[in-house]
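Asker: Structure: my_file_9.txt, compact mmCIF, C-alpha atoms and all ligand atoms.
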```txt
# COMPACT_ATOMS: atom_id res chain seq x y z
CA MET A 1 26.59 -5.02 8.33
CA LYS A 2 25.48 -2.10 10.49
CA ILE A 3 22.61 -0.05 9.11
CA LYS A 4 20.43 2.85 10.26
CA ALA A 5 16.78 1.86 10.54
CA ALA A 6 13.48 3.13 11.96
CA VAL A 7 12.53 0.67 14.72
CA LEU A 8 9.14 0.40 16.43
CA GLU A 9 9.56 -0.88 20.00
CA ASP A 10 6.04 -0.31 21.36
CA MET A 11 2.59 0.34 19.84
CA GLY A 12 -0.08 2.85 20.72
CA ARG A 13 1.94 5.96 21.57
CA ALA A 14 -0.16 9.09 21.35
CA GLY A 15 0.64 11.76 18.77
CA PRO A 16 2.03 14.10 17.78
CA TYR A 17 4.65 11.57 16.75
CA ALA A 18 7.29 14.24 16.15
CA ALA A 19 7.29 14.59 19.96
CA SER A 20 6.47 11.02 21.13
CA ARG A 21 8.81 9.46 18.51
CA PRO A 22 7.35 5.94 18.21
CA LEU A 23 9.96 5.19 15.53
CA LYS A 24 13.51 5.32 16.81
CA ILE A 25 16.38 5.73 14.38
CA LEU A 26 18.81 3.09 15.60
CA ASP A 27 21.86 1.18 14.48
CA VAL A 28 20.71 -2.33 13.61
CA GLU A 29 22.71 -5.31 12.39
CA LEU A 30 21.60 -6.74 9.07
CA ASP A 31 22.79 -10.17 7.92
CA GLY A 32 23.49 -10.83 4.26
CA PRO A 33 21.19 -12.86 2.03
CA GLY A 34 20.55 -16.54 2.67
CA PRO A 35 19.57 -18.91 -0.17
CA GLY A 36 16.86 -17.34 -2.33
CA GLU A 37 17.37 -13.92 -0.73
CA VAL A 38 18.68 -10.58 -1.90
CA LEU A 39 20.41 -7.67 -0.17
CA VAL A 40 18.87 -4.43 -1.43
CA ARG A 41 20.14 -0.88 -0.97
CA ILE A 42 16.92 1.04 -0.34
CA ALA A 43 16.51 4.10 -2.55
CA ALA A 44 13.04 5.39 -1.59
CA ALA A 45 10.49 4.15 0.95
CA GLY A 46 6.89 5.35 1.12
CA LEU A 47 4.91 6.13 4.29
CA CYS A 48 1.60 4.25 4.17
CA HIS A 49 -1.44 4.00 6.43
CA SER A 50 -0.64 0.32 7.03
CA ASP A 51 2.58 1.41 8.77
CA LEU A 52 0.57 3.92 10.79
CA SER A 53 -1.86 1.13 11.77
CA VAL A 54 1.04 -0.80 13.30
CA ILE A 55 2.32 2.33 15.09
CA ASN A 56 -1.10 3.10 16.60
CA GLY A 57 -1.85 -0.55 17.43
CA ASP A 58 -4.71 -1.13 14.96
CA ARG A 59 -2.65 -3.89 13.31
CA PRO A 60 -0.67 -5.59 16.05
CA ARG A 61 2.68 -7.03 14.97
CA PRO A 62 5.55 -8.70 16.85
CA LEU A 63 8.02 -6.12 18.15
CA PRO A 64 10.60 -4.73 17.90
CA MET A 65 10.18 -4.32 14.15
CA VAL A 66 11.74 -2.24 11.39
CA LEU A 67 8.66 -0.81 9.65
CA GLY A 68 8.14 0.07 5.99
CA HIS A 69 6.65 -2.02 3.19
CA GLU A 70 6.60 0.22 0.07
CA ALA A 71 9.99 0.79 -1.53
CA SER A 72 12.36 0.71 -4.43
CA GLY A 73 16.03 -0.08 -4.33
CA VAL A 74 19.15 -1.38 -6.02
CA VAL A 75 20.38 -4.96 -5.74
CA GLU A 76 23.60 -5.06 -3.74
CA GLU A 77 24.17 -8.83 -3.37
CA VAL A 78 22.26 -12.01 -4.24
CA GLY A 79 22.11 -15.20 -2.20
CA ALA A 80 22.61 -18.76 -3.45
CA GLY A 81 20.09 -19.82 -6.07
CA VAL A 82 19.11 -16.31 -7.18
CA ASP A 83 20.09 -16.38 -10.85
CA ASP A 84 17.74 -13.81 -12.37
CA LEU A 85 18.95 -10.68 -10.56
CA VAL A 86 22.44 -9.17 -10.52
CA ARG A 87 24.11 -6.42 -8.51
CA GLY A 88 22.92 -3.02 -9.79
CA ASP A 89 19.45 -4.16 -10.90
CA HIS A 90 16.59 -1.87 -9.86
CA VAL A 91 13.77 -3.50 -7.91
CA VAL A 92 10.38 -2.69 -6.38
CA CYS A 93 9.46 -4.40 -3.10
CA VAL A 94 6.16 -6.26 -2.76
CA PHE A 95 4.65 -6.56 0.71
CA VAL A 96 3.44 -10.15 0.33
CA PRO A 97 6.14 -12.63 -0.70
CA SER A 98 4.63 -15.41 -2.81
CA CYS A 99 5.96 -18.95 -2.58
CA GLY A 100 4.72 -19.89 -6.06
CA HIS A 101 3.51 -23.33 -4.96
CA CYS A 102 0.62 -23.07 -2.46
CA ALA A 103 -3.04 -23.30 -3.57
CA PRO A 104 -3.65 -19.53 -4.02
CA CYS A 105 -0.28 -19.14 -5.82
CA ALA A 106 -1.19 -22.07 -8.10
CA GLN A 107 -4.50 -20.31 -8.86
CA GLY A 108 -2.62 -17.20 -9.96
CA ARG A 109 -3.47 -15.29 -6.78
CA PRO A 110 -0.05 -14.60 -5.23
CA ALA A 111 -1.46 -11.82 -3.02
CA LEU A 112 -3.13 -14.59 -0.99
CA CYS A 113 -0.02 -16.78 -0.68
CA GLU A 114 -0.47 -18.87 2.46
CA PRO A 115 3.19 -19.13 3.56
CA GLY A 116 3.56 -15.43 2.63
CA ALA A 117 0.76 -14.45 5.03
CA GLU A 118 2.06 -16.80 7.74
CA HIS A 119 5.59 -15.38 7.66
CA ASN A 120 4.34 -11.78 7.46
CA GLY A 121 2.32 -12.49 10.61
CA LYS A 122 5.39 -13.88 12.38
CA GLY A 123 7.58 -10.99 11.24
CA ASP A 124 10.24 -13.13 9.57
CA LEU A 125 11.23 -13.73 5.94
CA LEU A 126 9.65 -16.31 3.62
CA SER A 127 12.58 -18.65 4.41
CA GLY A 128 11.68 -18.45 8.10
CA GLY A 129 14.91 -16.55 8.76
CA PHE A 130 15.53 -13.33 10.65
CA ARG A 131 18.23 -11.14 9.15
CA LEU A 132 17.77 -8.17 11.51
CA HIS A 133 19.07 -8.04 15.08
CA ARG A 134 20.54 -5.81 17.75
CA GLY A 135 23.19 -7.80 19.55
CA GLU A 136 21.55 -11.11 20.48
CA ALA A 137 18.01 -9.71 20.25
CA ARG A 138 15.94 -10.34 17.13
CA VAL A 139 14.34 -7.47 15.28
CA HIS A 140 11.29 -8.41 13.19
CA HIS A 141 10.73 -7.82 9.49
CA HIS A 142 7.64 -5.88 8.38
CA CYS A 143 5.81 -7.66 5.56
CA GLY A 144 9.12 -9.23 4.53
CA VAL A 145 10.36 -5.79 3.46
CA SER A 146 11.37 -3.49 6.41
CA CYS A 147 12.43 -0.67 4.13
CA PHE A 148 12.67 2.23 6.59
CA ALA A 149 16.35 1.36 6.59
CA GLU A 150 19.44 1.99 4.49
CA TYR A 151 19.55 -1.66 3.40
CA ALA A 152 17.19 -4.63 3.62
CA THR A 153 17.63 -8.36 3.13
CA MET A 154 14.52 -9.95 1.68
CA SER A 155 13.23 -12.92 -0.25
CA ARG A 156 13.69 -12.85 -4.04
CA ARG A 157 9.92 -13.44 -4.00
CA SER A 158 9.38 -10.03 -2.43
CA LEU A 159 10.96 -8.28 -5.42
CA VAL A 160 10.00 -7.25 -8.95
CA LYS A 161 12.74 -6.06 -11.30
CA VAL A 162 12.05 -2.74 -13.08
CA GLN A 163 13.71 -0.74 -15.86
CA LYS A 164 16.53 1.57 -14.76
CA GLU A 165 14.90 4.53 -16.58
CA VAL A 166 12.14 4.66 -13.96
CA PRO A 167 12.90 7.27 -11.28
CA LEU A 168 13.32 5.31 -8.04
CA HIS A 169 11.08 7.65 -6.01
CA ILE A 170 8.27 6.89 -8.50
CA ALA A 171 9.06 3.16 -8.62
CA ALA A 172 8.66 2.97 -4.83
CA LEU A 173 4.98 3.98 -5.04
CA MET A 174 4.29 1.04 -7.33
CA GLY A 175 4.85 -1.40 -4.45
CA CYS A 176 1.79 -0.47 -2.40
CA ALA A 177 -0.20 2.63 -3.44
CA VAL A 178 -0.41 1.80 -7.15
CA LEU A 179 -0.38 -1.99 -6.87
CA THR A 180 -3.22 -1.87 -4.33
CA GLY A 181 -5.29 1.06 -5.65
CA THR A 182 -4.91 0.85 -9.42
CA GLY A 183 -4.77 -2.93 -9.11
CA ALA A 184 -8.16 -3.12 -7.35
CA VAL A 185 -9.68 -1.28 -10.33
CA PHE A 186 -7.84 -3.16 -13.09
CA ASN A 187 -7.99 -6.66 -11.65
CA GLY A 188 -11.36 -6.69 -9.90
CA GLY A 189 -13.34 -6.53 -13.15
CA ASP A 190 -15.95 -4.26 -11.56
CA VAL A 191 -15.00 -0.97 -13.22
CA GLY A 192 -15.05 -0.88 -16.98
CA PRO A 193 -15.12 1.50 -19.93
CA GLY A 194 -18.21 3.68 -19.72
CA GLY A 195 -19.04 2.51 -16.20
CA LYS A 196 -19.72 4.40 -13.01
CA ALA A 197 -17.31 4.05 -10.12
CA ALA A 198 -16.92 5.63 -6.69
CA ILE A 199 -13.67 5.74 -4.74
CA ILE A 200 -13.96 6.32 -0.99
CA GLY A 201 -10.86 7.40 0.94
CA LEU A 202 -8.36 9.47 -1.03
CA GLY A 203 -5.00 8.58 0.45
CA GLY A 204 -2.24 7.42 -1.86
CA VAL A 205 -4.01 4.11 -2.51
CA GLY A 206 -7.45 5.68 -3.13
CA LEU A 207 -6.06 8.34 -5.44
CA ALA A 208 -4.19 5.64 -7.36
CA ALA A 209 -7.59 3.97 -7.76
CA VAL A 210 -9.09 7.25 -9.04
CA MET A 211 -6.31 7.36 -11.65
CA GLY A 212 -6.96 3.73 -12.49
CA ALA A 213 -10.71 4.28 -12.95
CA ILE A 214 -10.00 7.19 -15.30
CA ALA A 215 -7.30 5.24 -17.18
CA ILE A 216 -9.64 2.28 -17.69
CA GLY A 217 -12.26 4.59 -19.20
CA ALA A 218 -14.98 4.87 -16.55
CA GLU A 219 -17.57 7.44 -17.60
CA THR A 220 -18.33 8.59 -14.05
CA VAL A 221 -15.74 8.67 -11.27
CA VAL A 222 -17.05 9.82 -7.89
CA ALA A 223 -14.36 10.73 -5.34
CA ILE A 224 -15.24 10.84 -1.63
CA ASP A 225 -13.09 11.98 1.29
CA MET A 226 -13.31 14.17 4.40
CA PHE A 227 -10.48 16.51 3.29
CA GLU A 228 -11.25 19.21 0.72
CA PRO A 229 -7.67 19.42 -0.70
CA LYS A 230 -7.82 15.71 -1.54
CA LEU A 231 -11.19 16.21 -3.27
CA ALA A 232 -9.66 19.07 -5.25
CA LEU A 233 -6.75 16.86 -6.32
CA ALA A 234 -9.15 14.07 -7.36
CA ARG A 235 -11.02 16.59 -9.53
CA GLU A 236 -7.74 17.74 -11.10
CA LEU A 237 -6.91 14.12 -11.88
CA GLY A 238 -10.21 13.76 -13.72
CA ALA A 239 -12.81 12.65 -11.17
CA THR A 240 -16.20 13.78 -12.48
CA HIS A 241 -17.73 14.32 -9.02
CA ALA A 242 -16.28 14.94 -5.57
CA PHE A 243 -18.20 14.78 -2.31
CA ASN A 244 -17.24 15.39 1.30
CA GLY A 245 -17.72 12.18 3.29
CA SER A 246 -19.06 14.12 6.27
CA ASP A 247 -22.03 15.45 4.26
CA PRO A 248 -25.17 13.94 5.92
CA ASP A 249 -26.96 13.91 2.54
CA LEU A 250 -24.07 12.23 0.74
CA VAL A 251 -25.87 8.99 -0.20
CA ALA A 252 -28.82 10.86 -1.74
CA LYS A 253 -26.50 13.24 -3.58
CA VAL A 254 -24.40 10.45 -5.09
CA LYS A 255 -27.51 8.51 -6.10
CA GLU A 256 -28.92 11.59 -7.78
CA ALA A 257 -25.64 12.43 -9.55
CA THR A 258 -25.25 8.86 -10.80
CA LYS A 259 -28.95 8.17 -11.51
CA GLY A 260 -29.39 5.41 -8.95
CA GLY A 261 -25.90 4.66 -7.71
CA VAL A 262 -22.54 3.51 -9.03
CA ASP A 263 -21.76 0.15 -10.65
CA ALA A 264 -18.83 -0.28 -8.30
CA ALA A 265 -17.87 1.46 -5.07
CA LEU A 266 -14.32 0.87 -3.86
CA GLU A 267 -13.53 1.67 -0.24
CA PHE A 268 -9.95 2.49 0.84
CA ALA A 269 -10.61 4.31 4.12
CA GLY A 270 -10.32 1.27 6.40
CA SER A 271 -13.46 2.16 8.34
CA VAL A 272 -16.75 0.31 8.64
CA LYS A 273 -18.67 3.59 8.22
CA ALA A 274 -16.96 4.23 4.91
CA LEU A 275 -17.72 0.68 3.77
CA GLU A 276 -21.39 1.04 4.73
CA MET A 277 -21.50 4.26 2.75
CA GLY A 278 -19.92 2.47 -0.20
CA TYR A 279 -22.60 -0.20 -0.03
CA ALA A 280 -25.34 2.42 0.16
CA ILE A 281 -24.17 4.29 -2.96
CA THR A 282 -23.78 1.11 -5.05
CA ARG A 283 -26.70 0.60 -7.43
CA ARG A 284 -28.88 -2.51 -7.51
CA GLY A 285 -26.82 -5.29 -9.09
CA GLY A 286 -23.59 -3.49 -8.37
CA THR A 287 -20.42 -4.43 -6.52
CA THR A 288 -18.92 -2.96 -3.37
CA VAL A 289 -15.21 -3.60 -2.95
CA THR A 290 -13.30 -3.05 0.27
CA ALA A 291 -9.54 -2.64 0.15
CA GLY A 292 -9.09 -0.60 3.35
CA LEU A 293 -7.80 -2.36 6.44
CA PRO A 294 -10.10 -1.78 9.43
CA ASN A 295 -9.21 -2.72 13.00
CA PRO A 296 -9.44 -6.55 13.26
CA LYS A 297 -12.26 -6.19 15.82
CA ALA A 298 -14.46 -4.07 13.53
CA VAL A 299 -17.71 -5.79 12.48
CA LEU A 300 -19.88 -4.96 9.46
CA SER A 301 -23.63 -5.54 9.54
CA LEU A 302 -25.82 -5.34 6.45
CA PRO A 303 -29.44 -6.03 5.55
CA ALA A 304 -28.80 -9.60 4.33
CA VAL A 305 -31.77 -9.67 1.98
CA SER A 306 -30.28 -6.86 -0.12
CA LEU A 307 -27.57 -9.23 -1.35
CA VAL A 308 -30.26 -11.50 -2.82
CA ALA A 309 -33.11 -9.21 -3.81
CA GLU A 310 -30.81 -6.59 -5.29
CA GLU A 311 -28.19 -9.06 -6.60
CA ARG A 312 -25.40 -7.21 -4.89
CA THR A 313 -21.81 -8.33 -4.55
CA LEU A 314 -19.58 -7.42 -1.64
CA LYS A 315 -15.95 -8.42 -1.86
CA GLY A 316 -12.47 -7.69 -0.64
CA SER A 317 -9.32 -6.85 -2.54
CA TYR A 318 -5.81 -7.34 -1.17
CA LEU A 319 -2.66 -6.13 -2.91
CA GLY A 320 -4.88 -5.15 -5.84
CA SER A 321 -5.98 -8.78 -6.38
CA GLY A 322 -3.21 -8.99 -8.92
CA VAL A 323 0.11 -10.47 -9.93
CA PRO A 324 2.85 -7.97 -9.00
CA SER A 325 5.38 -9.22 -11.58
CA ARG A 326 2.76 -8.59 -14.28
CA ASP A 327 1.11 -5.47 -12.86
CA ILE A 328 4.09 -3.33 -11.85
CA PRO A 329 5.53 -3.27 -15.41
CA ARG A 330 2.12 -2.50 -16.94
CA PHE A 331 1.36 0.28 -14.46
CA LEU A 332 4.83 1.75 -15.10
CA GLY A 333 4.03 1.60 -18.82
CA LEU A 334 0.85 3.60 -18.22
CA TYR A 335 2.83 6.07 -16.08
CA HIS A 336 5.25 6.62 -18.97
CA ARG A 337 2.31 7.19 -21.31
CA GLY A 338 0.97 9.86 -18.94
CA ARG A 339 -2.14 7.82 -18.15
CA LEU A 340 -1.25 7.11 -14.51
CA PRO A 341 0.29 10.36 -13.21
CA VAL A 342 1.72 8.66 -10.12
CA ASP A 343 4.02 11.64 -9.46
CA ARG A 344 0.90 13.58 -8.39
CA LEU A 345 0.63 11.34 -5.33
CA LEU A 346 4.03 12.38 -4.03
CA THR A 347 3.74 15.37 -1.72
CA HIS A 348 6.91 15.11 0.39
CA ARG A 349 10.43 13.74 -0.05
CA ILE A 350 11.98 13.43 3.41
CA ARG A 351 14.96 12.05 5.34
CA LEU A 352 14.83 9.05 7.67
CA ASP A 353 15.36 11.35 10.69
CA ASP A 354 12.09 13.18 9.85
CA ILE A 355 9.95 10.05 9.62
CA ASN A 356 7.92 10.64 12.81
CA ALA A 357 6.83 14.09 11.60
CA GLY A 358 5.93 12.40 8.31
CA PHE A 359 3.50 10.10 10.13
CA ASP A 360 1.92 13.16 11.78
CA ARG A 361 1.26 14.55 8.28
CA LEU A 362 -0.16 11.20 7.17
CA ALA A 363 -2.42 11.00 10.23
CA ASP A 364 -3.78 14.56 9.91
CA GLY A 365 -4.34 14.29 6.16
CA SER A 366 -1.91 17.05 5.17
CA ALA A 367 0.23 14.67 3.10
CA ILE A 368 -0.66 12.08 0.48
CA ARG A 369 2.43 10.02 -0.31
CA GLN A 370 5.73 10.86 1.32
CA VAL A 371 8.94 8.99 0.57
CA VAL A 372 12.05 8.70 2.68
CA GLU A 373 15.03 8.97 0.35
CA PHE A 374 18.41 7.45 1.11
CA ASN A 375 21.68 8.48 -0.54
ZN ZN A 401 0.80 0.20 2.10
ZN ZN A 402 2.15 -19.27 -2.15
```
Show this structure as structure tokens.
Answerer:
Amino acid sequence: MKIKAAVLEDMGRAGPYAASRPLKILDVELDGPGPGEVLVRIAAAGLCHSDLSVINGDRPRPLPMVLGHEASGVVEEVGAGVDDLVRGDHVVCVFVPSCGHCAPCAQGRPALCEPGAEHNGKGDLLSGGFRLHRGEARVHHHCGVSCFAEYATMSRRSLVKVQKEVPLHIAALMGCAVLTGTGAVFNGGDVGPGGKAAIIGLGGVGLAAVMGAIAIGAETVVAIDMFEPKLALARELGATHAFNGSDPDLVAKVKEATKGGVDAALEFAGSVKALEMGYAITRRGGTTVTAGLPNPKAVLSLPAVSLVAEERTLKGSYLGSGVPSRDIPRFLGLYHRGRLPVDRLLTHRIRLDDINAGFDRLADGSAIRQVVEFN
């Protein structure tokens, strides 16, 4: 079938993107589902910093590629062997397909699925197939999802079924912002009731982590970002402290406010400076978690002895270190209870044609989560 999709043909174009238009809205051919695959009509697709990192070249990917990795949609057609989804089911896309059989999958860590990572790197589906092309030329899949498009064919293992009562523009945000941000808090085991947490980098993912820290019952939630409106939103959501990341006295101020530092600092900014700051504001014996995605060439250096003498832990979190088929329903349950006000993340609902301007807003910090909606 012919679909309209946002295609990236080259990386590293300078902004403003509304003028340089790195994403072209093109007619692309989409093949139907192979065995174990599903054709999804995309309802809403979120704009995330990980897409921006491909556009600006920080995360190189094979091109051309239909971008987009956070979405909800409606099942249109199922391939052979898919017997647990039917046409009309509502689904959330997950940006790492999990094979269910490799060592990390067997350990209950599907976010680290080895074939999933390999195929995402190659820009094809978990089956090894390409379902997108323009004439004879292949078009690559982004994270097995490629949802900046009217329809997408993807692996059944990239999808989680959700209740039809959930608004689809809210469901979309579950796939990356909430799964990654709230998941890092809920699944990492570092933030608990009565504890002290700091969240650095208040994009959609970081703010979802702020909500998660509040929902889990942290006593102190410190929010840090360079943009004052995001700090104001974090305070409205229930953060107990908010600091501007450009404040030269920030480390001392956080240590004073938290009486020696936080139990856990979670970094979502994707910069080494932000991670170093997170380490500095973590108390002795505490844990620093990084869930941002820095440029692959970025290197972190730390005083090694502090890990030992201060019994510190430094660790990463990918896709919220969780199990999407378990976490998406429980986070939606908390949303319905009013304990994860995910709707507060959504600042813009746009059309596919306006997607380049949307990435300008994401880059300059004037938007949090924006979704492209398809009719
Ligand atoms: Zn994302
Ligand atoms: Zn696997």
Asker: Which residue is closest to Glu236 in chain A? Choose from A:Gly203, A:Pro341, A:Gly15, A:Gly188 and count all atoms listed in the file.
Answerer: A:Pro341
Asker: For the point (6.5, -0.7, -5.0) in file coordinates, what residues are within 7 Å, counting all atoms listed in the file? Give the answer as a list in words?
Answerer: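 So the residues meeting the distance criterion are Glu70, Ala71, Ser72, Val92, Cys93, Val94, Ala171, Ala172, Leu173, Met174, Gly175 and Cys176 of chain A.
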Asker: Using all atoms listed in the file, find the one residue out of A:Lys273, A:Arg235, A:Arg61, A:His142 that sits nearest to ligand ZN 401 (chain A).
Answerer: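 Using all atoms listed in the file, ligand ZN 401 (chain A) sits closest to A:His142.
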Asker: For a quick check of your reading of the model, name the residues lying within 12 Å of the coordinate (7.4, 8.6, 21.7), counting only C-alpha atoms, and write them as a ChimeraX atom specification.
Answerer: /A:7-25,55-56,356-357
Asker: Can I get the residues close to ligand ZN 402 (chain A) as a ChimeraX atom specification, where close means within 7 Å and we count all atoms listed in the file?
Answerer: /A:98-105,110,113-116
